[in-house]
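> This one is upload34.cif, mmCIF, C-alpha atoms.
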data_upload
#
loop_
_atom_site.label_atom_id
_atom_site.label_comp_id
_atom_site.auth_asym_id
_atom_site.auth_seq_id
_atom_site.Cartn_x
_atom_site.Cartn_y
_atom_site.Cartn_z
CA MET K 90 -37.92 -27.15 18.32
CA GLU K 91 -34.37 -27.27 17.05
CA ALA K 92 -31.26 -28.61 18.62
CA PRO K 93 -29.30 -25.89 20.45
CA GLY K 94 -26.28 -27.16 18.50
CA ILE K 95 -27.38 -25.28 15.43
CA GLU K 96 -27.86 -22.11 17.45
CA ARG K 97 -24.37 -22.44 18.84
CA ARG K 98 -23.03 -22.76 15.33
CA ILE K 99 -25.06 -19.79 14.16
CA LYS K 100 -23.53 -17.81 17.02
CA TRP K 101 -20.07 -18.77 15.85
CA ALA K 102 -20.91 -17.98 12.25
CA SER K 103 -22.27 -14.56 13.24
CA SER K 104 -19.15 -13.72 15.23
CA MET K 105 -16.98 -14.60 12.27
CA VAL K 106 -19.08 -12.62 9.81
CA ALA K 107 -19.19 -9.65 12.21
CA ALA K 108 -15.43 -9.72 12.81
CA GLY K 109 -14.80 -9.97 9.07
CA LEU K 110 -17.11 -7.06 8.29
CA LEU K 111 -15.49 -4.98 11.00
CA ILE K 112 -12.01 -5.58 9.57
CA GLN K 113 -13.30 -4.73 6.10
CA LEU K 114 -14.81 -1.52 7.43
CA LEU K 115 -11.63 -0.53 9.27
CA SER K 116 -9.58 -1.19 6.14
CA PHE K 117 -11.27 1.81 4.51
CA LEU K 118 -9.79 4.17 7.07
CA LYS K 119 -6.38 4.15 5.44
CA LEU K 120 -5.49 4.58 1.81
CA HIS K 121 -2.56 2.21 1.74
CA PRO K 122 -1.70 -1.12 0.10
CA LEU K 123 -1.59 -2.84 3.49
CA ALA K 124 -5.19 -1.79 4.14
CA PHE K 125 -6.12 -3.57 0.92
CA VAL K 126 -4.20 -6.65 2.05
CA ALA K 127 -6.00 -6.61 5.42
CA PHE K 128 -9.29 -6.44 3.53
CA ILE K 129 -8.51 -9.26 1.13
CA ALA K 130 -6.48 -11.56 3.41
CA LEU K 131 -8.34 -11.12 6.72
CA GLY K 132 -11.70 -9.42 6.29
CA VAL K 133 -13.03 -11.33 3.29
CA PRO K 134 -11.92 -14.83 4.40
CA LEU K 135 -13.41 -14.31 7.89
CA THR K 136 -16.71 -13.13 6.45
CA ALA K 137 -16.79 -15.90 3.87
CA GLY K 138 -15.80 -18.50 6.46
CA GLY K 139 -18.65 -17.39 8.72
CA ALA K 140 -21.14 -17.51 5.88
CA VAL K 141 -19.99 -21.00 4.89
CA LEU K 142 -20.20 -22.21 8.50
CA TYR K 143 -23.74 -20.88 8.63
CA LEU K 144 -24.68 -22.60 5.35
CA ILE K 145 -23.21 -25.89 6.56
CA SER K 146 -25.05 -25.65 9.84
CA ILE K 147 -28.46 -25.17 8.20
CA VAL K 148 -27.83 -27.90 5.66
CA ALA K 149 -26.64 -30.33 8.32
CA ALA K 150 -29.43 -29.45 10.78
CA PRO K 151 -31.93 -32.20 11.70
CA HIS K 152 -34.85 -31.92 9.34
CA ALA K 153 -37.47 -31.96 12.08
CA SER K 154 -39.27 -28.90 10.82
CA VAL K 155 -39.17 -29.82 7.15
CA PRO K 156 -42.38 -31.30 5.86
CA GLY K 157 -41.76 -34.39 3.80
CA PRO K 158 -42.29 -38.12 3.71
CA GLY K 159 -42.69 -38.48 7.44
CA PRO K 160 -44.68 -40.98 9.51
CA GLN K 161 -47.89 -39.96 7.70
CA ILE K 162 -47.03 -42.36 4.91
CA LEU K 163 -46.45 -45.33 7.12
CA PRO K 164 -50.10 -45.92 8.12
CA SER K 165 -50.84 -47.07 4.56
CA LYS K 166 -49.34 -50.39 5.56
CA ASN K 167 -51.91 -50.71 8.32
CA VAL K 168 -54.87 -49.96 6.12
CA GLY K 169 -57.20 -52.83 5.92
CA MET M 69 -20.35 3.99 -4.88
CA PRO M 70 -19.79 6.98 -2.59
CA SER M 71 -18.12 6.03 0.65
CA SER M 72 -21.02 7.23 2.82
CA LEU M 73 -23.26 4.68 1.09
CA LEU M 74 -20.69 1.99 1.61
CA ILE M 75 -20.36 2.80 5.31
CA GLY M 76 -24.15 2.68 5.57
CA LEU M 77 -24.21 -0.73 3.92
CA PHE M 78 -21.61 -2.04 6.35
CA ALA M 79 -23.47 -0.55 9.31
CA ILE M 80 -26.68 -2.33 8.28
CA ALA M 81 -24.77 -5.55 7.70
CA LEU M 82 -23.18 -5.36 11.15
CA VAL M 83 -26.46 -4.58 12.93
CA LEU M 84 -28.19 -7.52 11.25
CA VAL M 85 -25.43 -10.00 11.94
CA LEU M 86 -25.10 -8.90 15.57
CA LEU M 87 -28.85 -9.27 15.99
CA ILE M 88 -28.67 -12.89 14.86
CA GLY M 89 -25.48 -13.55 16.79
CA LEU M 90 -26.87 -12.24 20.07
CA ARG M 91 -30.35 -13.72 19.58
CA PRO M 92 -29.85 -17.02 17.75
CA ARG M 93 -33.24 -18.17 19.12
CA LEU M 94 -34.80 -15.85 16.56
CA THR M 95 -33.93 -18.43 13.93
CA ARG M 96 -36.45 -20.87 15.37
CA SER M 97 -39.24 -19.13 13.50
CA ARG M 98 -39.63 -19.16 9.77
CA GLU M 99 -39.15 -15.36 9.56
CA GLY M 100 -36.07 -15.69 11.73
CA LYS M 101 -34.61 -18.26 9.36
CA ILE M 102 -35.10 -15.91 6.45
CA LEU M 103 -33.58 -13.05 8.42
CA ALA M 104 -30.56 -15.19 9.29
CA PHE M 105 -30.05 -16.11 5.65
CA VAL M 106 -30.16 -12.45 4.67
CA ALA M 107 -27.95 -11.36 7.56
CA LEU M 108 -25.34 -14.10 7.36
CA PHE M 109 -25.16 -14.65 3.64
CA ILE M 110 -26.85 -12.16 1.31
CA VAL M 111 -25.90 -8.85 2.94
CA PRO M 112 -22.29 -9.80 3.81
CA ALA M 113 -21.77 -10.98 0.23
CA ILE M 114 -23.06 -7.68 -1.13
CA ALA M 115 -20.99 -5.71 1.38
CA ALA M 116 -17.80 -7.62 0.58
CA TRP M 117 -18.33 -7.14 -3.15
CA ALA M 118 -18.99 -3.42 -2.74
CA GLY M 119 -15.94 -3.17 -0.50
CA PHE M 120 -13.80 -4.95 -3.05
CA SER M 121 -14.78 -2.60 -5.87
CA MET M 122 -14.20 0.34 -3.57
CA HIS M 123 -10.68 -0.86 -2.81
CA MET M 124 -9.95 -1.50 -6.48
CA ASP M 125 -11.18 1.98 -7.28
CA ARG M 126 -9.17 3.67 -4.55
CA ALA M 127 -6.07 1.77 -5.64
CA GLN M 128 -6.11 3.78 -8.87
CA SER M 129 -5.60 7.07 -7.08
CA ARG M 130 -2.35 8.97 -7.11
CA GLU M 131 -2.58 9.24 -3.34
CA PHE M 132 -2.58 5.46 -3.10
CA CYS M 133 0.47 5.12 -5.37
CA LEU M 134 2.32 7.71 -3.31
CA SER M 135 1.36 6.22 0.06
CA CYS M 136 4.62 4.28 0.06
CA HIS M 137 7.49 6.64 0.74
CA VAL M 138 9.74 5.23 -1.99
CA MET M 139 7.36 6.59 -4.65
CA SER M 140 7.30 10.16 -3.36
CA ASP M 141 10.01 11.38 -5.76
CA PHE M 142 7.93 10.10 -8.67
CA GLY M 143 5.04 12.13 -7.29
CA LYS M 144 7.27 15.20 -7.15
CA SER M 145 8.46 14.63 -10.70
CA LEU M 146 4.95 15.46 -11.92
CA TYR M 147 5.50 19.02 -10.71
CA VAL M 148 8.86 19.65 -12.37
CA ASP M 149 8.76 23.02 -14.06
CA ASP M 150 10.20 21.82 -17.35
CA PRO M 151 8.13 20.76 -20.36
CA SER M 152 10.70 18.20 -21.45
CA TYR M 153 9.57 15.96 -18.58
CA LEU M 154 6.96 13.73 -20.20
CA ALA M 155 5.05 12.77 -17.04
CA ALA M 156 5.07 16.33 -15.72
CA ARG M 157 3.83 17.70 -19.02
CA HIS M 158 0.92 15.30 -19.20
CA PHE M 159 0.05 15.89 -15.56
CA GLN M 160 0.24 19.66 -15.52
CA ASN M 161 -1.84 20.02 -18.68
CA ASN M 162 -4.54 17.63 -17.48
CA ARG M 163 -3.74 15.17 -20.23
CA VAL M 164 -4.03 12.47 -17.65
CA PRO M 165 -6.59 12.84 -14.85
CA ARG M 166 -4.58 14.35 -12.00
CA ASP M 167 -5.99 12.22 -9.23
CA ARG M 168 -5.29 9.04 -11.22
CA ALA M 169 -2.19 10.16 -13.07
CA CYS M 170 0.05 7.22 -12.20
CA TYR M 171 -2.54 4.57 -12.92
CA THR M 172 -3.49 6.12 -16.26
CA CYS M 173 0.01 5.71 -17.65
CA HIS M 174 0.98 2.61 -15.70
CA THR M 175 -1.89 0.22 -16.17
CA ASP M 176 -1.87 -2.18 -19.08
CA TYR M 177 -4.60 -1.26 -21.50
CA THR M 178 -5.59 -4.87 -21.98
CA LEU M 179 -8.56 -6.85 -20.77
CA PHE M 180 -6.95 -7.98 -17.55
CA GLY M 181 -4.62 -5.03 -17.21
CA GLY M 182 -6.08 -3.84 -13.93
CA VAL M 183 -5.80 -7.29 -12.36
CA LYS M 184 -2.28 -7.83 -13.65
CA SER M 185 -1.33 -4.47 -12.16
CA LYS M 186 -2.62 -5.59 -8.76
CA ILE M 187 -0.58 -8.79 -8.96
CA ARG M 188 2.50 -6.73 -9.78
CA GLY M 189 1.51 -4.68 -6.75
CA LEU M 190 1.85 -7.77 -4.56
CA ARG M 191 5.44 -8.00 -5.73
CA HIS M 192 5.96 -4.38 -4.73
CA LEU M 193 4.68 -5.25 -1.26
CA GLN M 194 7.08 -8.14 -1.01
CA VAL M 195 10.00 -5.86 -1.84
CA GLN M 196 8.74 -3.09 0.43
CA TYR M 197 8.27 -5.22 3.52
CA LEU M 198 10.37 -8.35 3.04
CA GLY M 199 13.16 -7.15 0.81
CA THR M 200 15.51 -4.21 0.53
CA ILE M 201 13.97 -0.99 -0.71
CA PRO M 202 15.95 0.44 -3.62
CA LYS M 203 16.79 4.10 -4.06
CA PRO M 204 14.09 5.80 -6.18
CA ALA M 205 16.56 6.50 -8.98
CA ASP M 206 17.44 2.80 -9.16
CA ILE M 207 13.84 1.64 -9.58
CA LYS M 208 13.12 0.11 -12.97
CA LEU M 209 9.89 -1.11 -14.50
CA TYR M 210 9.62 -4.90 -14.50
CA GLU M 211 9.11 -4.85 -18.24
CA PRO M 212 10.10 -2.06 -20.63
CA TYR M 213 7.31 0.47 -21.01
CA ASN M 214 5.00 -0.75 -23.76
CA ASN M 215 4.14 1.63 -26.61
CA ARG M 216 0.62 0.25 -26.39
CA GLU M 217 0.00 2.44 -23.35
CA CYS M 218 0.99 5.63 -25.19
CA LEU M 219 -0.87 4.54 -28.32
CA HIS M 220 -4.00 3.89 -26.27
CA CYS M 221 -4.40 7.67 -26.22
CA HIS M 222 -2.34 8.81 -29.18
CA LEU M 223 -3.04 6.32 -31.98
CA GLY M 224 -4.96 7.94 -34.80
CA ALA M 225 -4.64 11.40 -33.27
CA ARG M 226 -3.79 13.88 -35.97
CA ARG M 227 -0.99 15.46 -33.96
CA PHE M 228 0.60 12.06 -33.43
CA GLU M 229 0.16 10.75 -36.97
CA GLU M 230 1.19 13.97 -38.71
CA SER M 231 3.91 15.22 -36.40
CA SER M 232 6.92 16.25 -38.46
CA ALA M 233 9.26 14.37 -36.13
CA HIS M 234 7.20 11.22 -36.69
CA ARG M 235 7.15 11.78 -40.44
CA ARG M 236 10.84 12.43 -40.99
CA ASP M 237 11.63 8.74 -41.32
CA PRO M 238 8.82 7.20 -43.41
CA ASP M 239 9.11 3.88 -41.61
CA LEU M 240 9.12 5.31 -38.10
CA LEU M 241 5.41 5.22 -37.34
CA ASN M 242 5.15 1.62 -38.54
CA THR M 243 7.96 0.42 -36.33
CA VAL M 244 6.52 2.36 -33.40
CA LYS M 245 3.03 0.94 -33.88
CA ALA M 246 4.43 -2.56 -34.22
CA GLY M 247 6.32 -2.06 -30.96
CA ARG M 248 9.71 -2.51 -32.61
CA ARG M 249 10.85 0.94 -31.62
CA SER M 250 10.02 2.37 -28.22
CA CYS M 251 8.42 5.78 -27.87
CA LEU M 252 11.00 6.29 -25.14
CA SER M 253 14.02 5.60 -27.35
CA ASN M 254 17.02 7.86 -26.94
CA GLY M 255 16.44 11.17 -28.61
CA CYS M 256 12.65 10.64 -28.68
CA HIS M 257 10.53 10.88 -25.54
CA ASP M 258 13.28 9.75 -23.23
CA ILE M 259 12.84 12.22 -20.36
CA VAL M 260 10.02 10.95 -18.19
CA HIS M 261 10.48 11.11 -14.42
CA GLU M 262 14.26 11.50 -14.01
CA VAL M 263 14.01 11.19 -10.23
CA GLY M 264 17.80 11.01 -10.00
CA SER M 265 18.11 14.69 -10.89
CA LEU M 266 15.15 16.14 -8.96
CA LYS M 267 17.50 17.97 -6.56
CA ASP M 268 18.40 20.42 -9.26
CA ALA M 269 14.90 20.88 -10.62
CA THR M 270 12.51 23.74 -10.00
CA PHE M 271 8.86 22.99 -9.37
CA TRP M 272 5.61 24.31 -10.70
CA LYS M 273 3.02 25.46 -8.18
CA SER M 274 -0.46 24.44 -9.17
CA SER M 275 -3.06 27.14 -8.67
CA GLN M 276 -5.46 24.59 -7.21
#
Please rewrite the model in this file as structure tokens.


Amino acid sequence: MEAPGIERRIKWASSMVAAGLLIQLLSFLKLHPLAFVAFIALGVPLTAGGAVLYLISIVAAPHASVPGPGPQILPSKNVG
Amino acid sequence: MPSSLLIGLFAIALVLVLLIGLRPRLTRSREGKILAFVALFIVPAIAAWAGFSMHMDRAQSREFCLSCHVMSDFGKSLYVDDPSYLAARHFQNNRVPRDRACYTCHTDYTLFGGVKSKIRGLRHLQVQYLGTIPKPADIKLYEPYNNRECLHCHLGARRFEESSAHRRDPDLLNTVKAGRRSCLSNGCHDIVHEVGSLKDATFWKSSQ
């Protein structure tokens, strides 16, 4: 089972991505240079920020569920 | 991409990301982890890219150019009922696509022309919202209009190469092609928008 910390971060990341996507979507309602600016200066950075936060949180998560050189190797010392 | 498809893409992206955001426990399973990666990274990246190209595309439309009030006289100048107006003549005879008329003549026909035009656009925004807005008749291009843009369509065309006005001076076409003499020089194609004199103009009514 994983630390709830990662789930909290995923929640944050999702909110950012969702807010960013919503701003991007709303920016299509108006054909105007400021709508483009809202898209590029608010929508995209929010979405990208959320995605990066998510990537960081999975990379930094404790590797409990990842199979790898775990305790299984250690018993070799005790052999014999 | 048609806008209905784009809206659909954004709707799917939002549903997925809200699902993960409201149920982060889903990510405890292997399938949930994959779903989260798709919802928080893959789909938003695709949506943002599609949205970006959509915006770039829409920014080429005449409607977009005319969405700032200060440009509206230039929009009107395309309807002047007088064939000596260069922009009007191209527009009314469909020599430039009507819905992209401004962009067709005002983008740089170079590799990064579209991007450079957007950066110039940022300067327009600065003037529009942080500076003083000039009168339409006082607006000037940042750089003199480059023959390259006219030649993009006209170079090699028989009517351009063989026109008697272009042939009168044997050196004229060479200096024009080398950019040493502007197509818009006095006495040549020097009547383009003339927004300062629109009050006295009559306008053509398009049948469509």

> Atom CA of Ile95 of chain K and atom CA of Ser146 of chain K, how far apart in Å?

6.1 Å

> Could you tell me, as a short mmCIF file (atom, residue, chain, number, x, y, z; two decimals) with C-alpha atoms, keeping the file's coordinate frame, exactly which residues end up selected when the PyMOL selection byres ((chain K) within 10 of (chain M)) is applied to this structure?


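The resulting part_30.cif:
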data_model
loop_
_atom_site.label_atom_id
_atom_site.label_comp_id
_atom_site.auth_asym_id
_atom_site.auth_seq_id
_atom_site.Cartn_x
_atom_site.Cartn_y
_atom_site.Cartn_z
CA MET K 90 -37.92 -27.15 18.32
CA GLU K 91 -34.37 -27.27 17.05
CA ALA K 92 -31.26 -28.61 18.62
CA PRO K 93 -29.30 -25.89 20.45
CA ILE K 95 -27.38 -25.28 15.43
CA GLU K 96 -27.86 -22.11 17.45
CA ARG K 97 -24.37 -22.44 18.84
CA ARG K 98 -23.03 -22.76 15.33
CA ILE K 99 -25.06 -19.79 14.16
CA LYS K 100 -23.53 -17.81 17.02
CA TRP K 101 -20.07 -18.77 15.85
CA ALA K 102 -20.91 -17.98 12.25
CA SER K 103 -22.27 -14.56 13.24
CA SER K 104 -19.15 -13.72 15.23
CA MET K 105 -16.98 -14.60 12.27
CA VAL K 106 -19.08 -12.62 9.81
CA ALA K 107 -19.19 -9.65 12.21
CA ALA K 108 -15.43 -9.72 12.81
CA GLY K 109 -14.80 -9.97 9.07
CA LEU K 110 -17.11 -7.06 8.29
CA LEU K 111 -15.49 -4.98 11.00
CA GLN K 113 -13.30 -4.73 6.10
CA LEU K 114 -14.81 -1.52 7.43
CA SER K 116 -9.58 -1.19 6.14
CA PHE K 117 -11.27 1.81 4.51
CA LYS K 119 -6.38 4.15 5.44
CA LEU K 120 -5.49 4.58 1.81
CA HIS K 121 -2.56 2.21 1.74
CA PRO K 122 -1.70 -1.12 0.10
CA LEU K 123 -1.59 -2.84 3.49
CA ALA K 124 -5.19 -1.79 4.14
CA PHE K 125 -6.12 -3.57 0.92
CA VAL K 126 -4.20 -6.65 2.05
CA PHE K 128 -9.29 -6.44 3.53
CA ILE K 129 -8.51 -9.26 1.13
CA GLY K 132 -11.70 -9.42 6.29
CA VAL K 133 -13.03 -11.33 3.29
CA THR K 136 -16.71 -13.13 6.45
CA ALA K 137 -16.79 -15.90 3.87
CA GLY K 139 -18.65 -17.39 8.72
CA ALA K 140 -21.14 -17.51 5.88
CA VAL K 141 -19.99 -21.00 4.89
CA LEU K 142 -20.20 -22.21 8.50
CA TYR K 143 -23.74 -20.88 8.63
CA LEU K 144 -24.68 -22.60 5.35
CA ILE K 147 -28.46 -25.17 8.20
CA SER K 154 -39.27 -28.90 10.82
#

> Since I can't run it myself right now, could you work out what the PyMOL selection byres ((chain M and resi 159-176) around 7) selects here and report it as a PyMOL selection string?

chain M and resi 128-130+146+155-158+177-178+181-182+185+217

> Report, in Å to a single decimal, how far apart atom CA of Val138 of chain M and atom CA of Lys203 of chain M are.

7.4 Å

> Residues of segment 83-151 of chain M that have any atom at most 8 Å from an atom of segment 250-263 of chain M: could you tabulate them with the shortest-distance atom pair and the distance in Å to one decimal, using only C-alpha atoms, ordered by chain and increasing number, as a Markdown table?


| residue | atom | partner | partner_atom | distance |
| --- | --- | --- | --- | --- |
| M:Asp141 | CA | M:Val263 | CA | 6.0 |
| M:Phe142 | CA | M:His261 | CA | 6.4 |
| M:Ser145 | CA | M:His261 | CA | 5.5 |
| M:Leu146 | CA | M:His261 | CA | 7.5 |

> Quick one: distance from atom CA of Gly76 of chain M to atom CA of Leu115 of chain K in Å, one decimal?

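Atom CA of Leu115 of chain K lies 13.4 Å from atom CA of Gly76 of chain M.
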
> Identify which of the residues M:Ser121, M:Ala205, M:Tyr210, M:Lys245 lies closest to His222 of chain M, counting all atoms listed in the file when measuring atom-to-atom distances.

M:Lys245
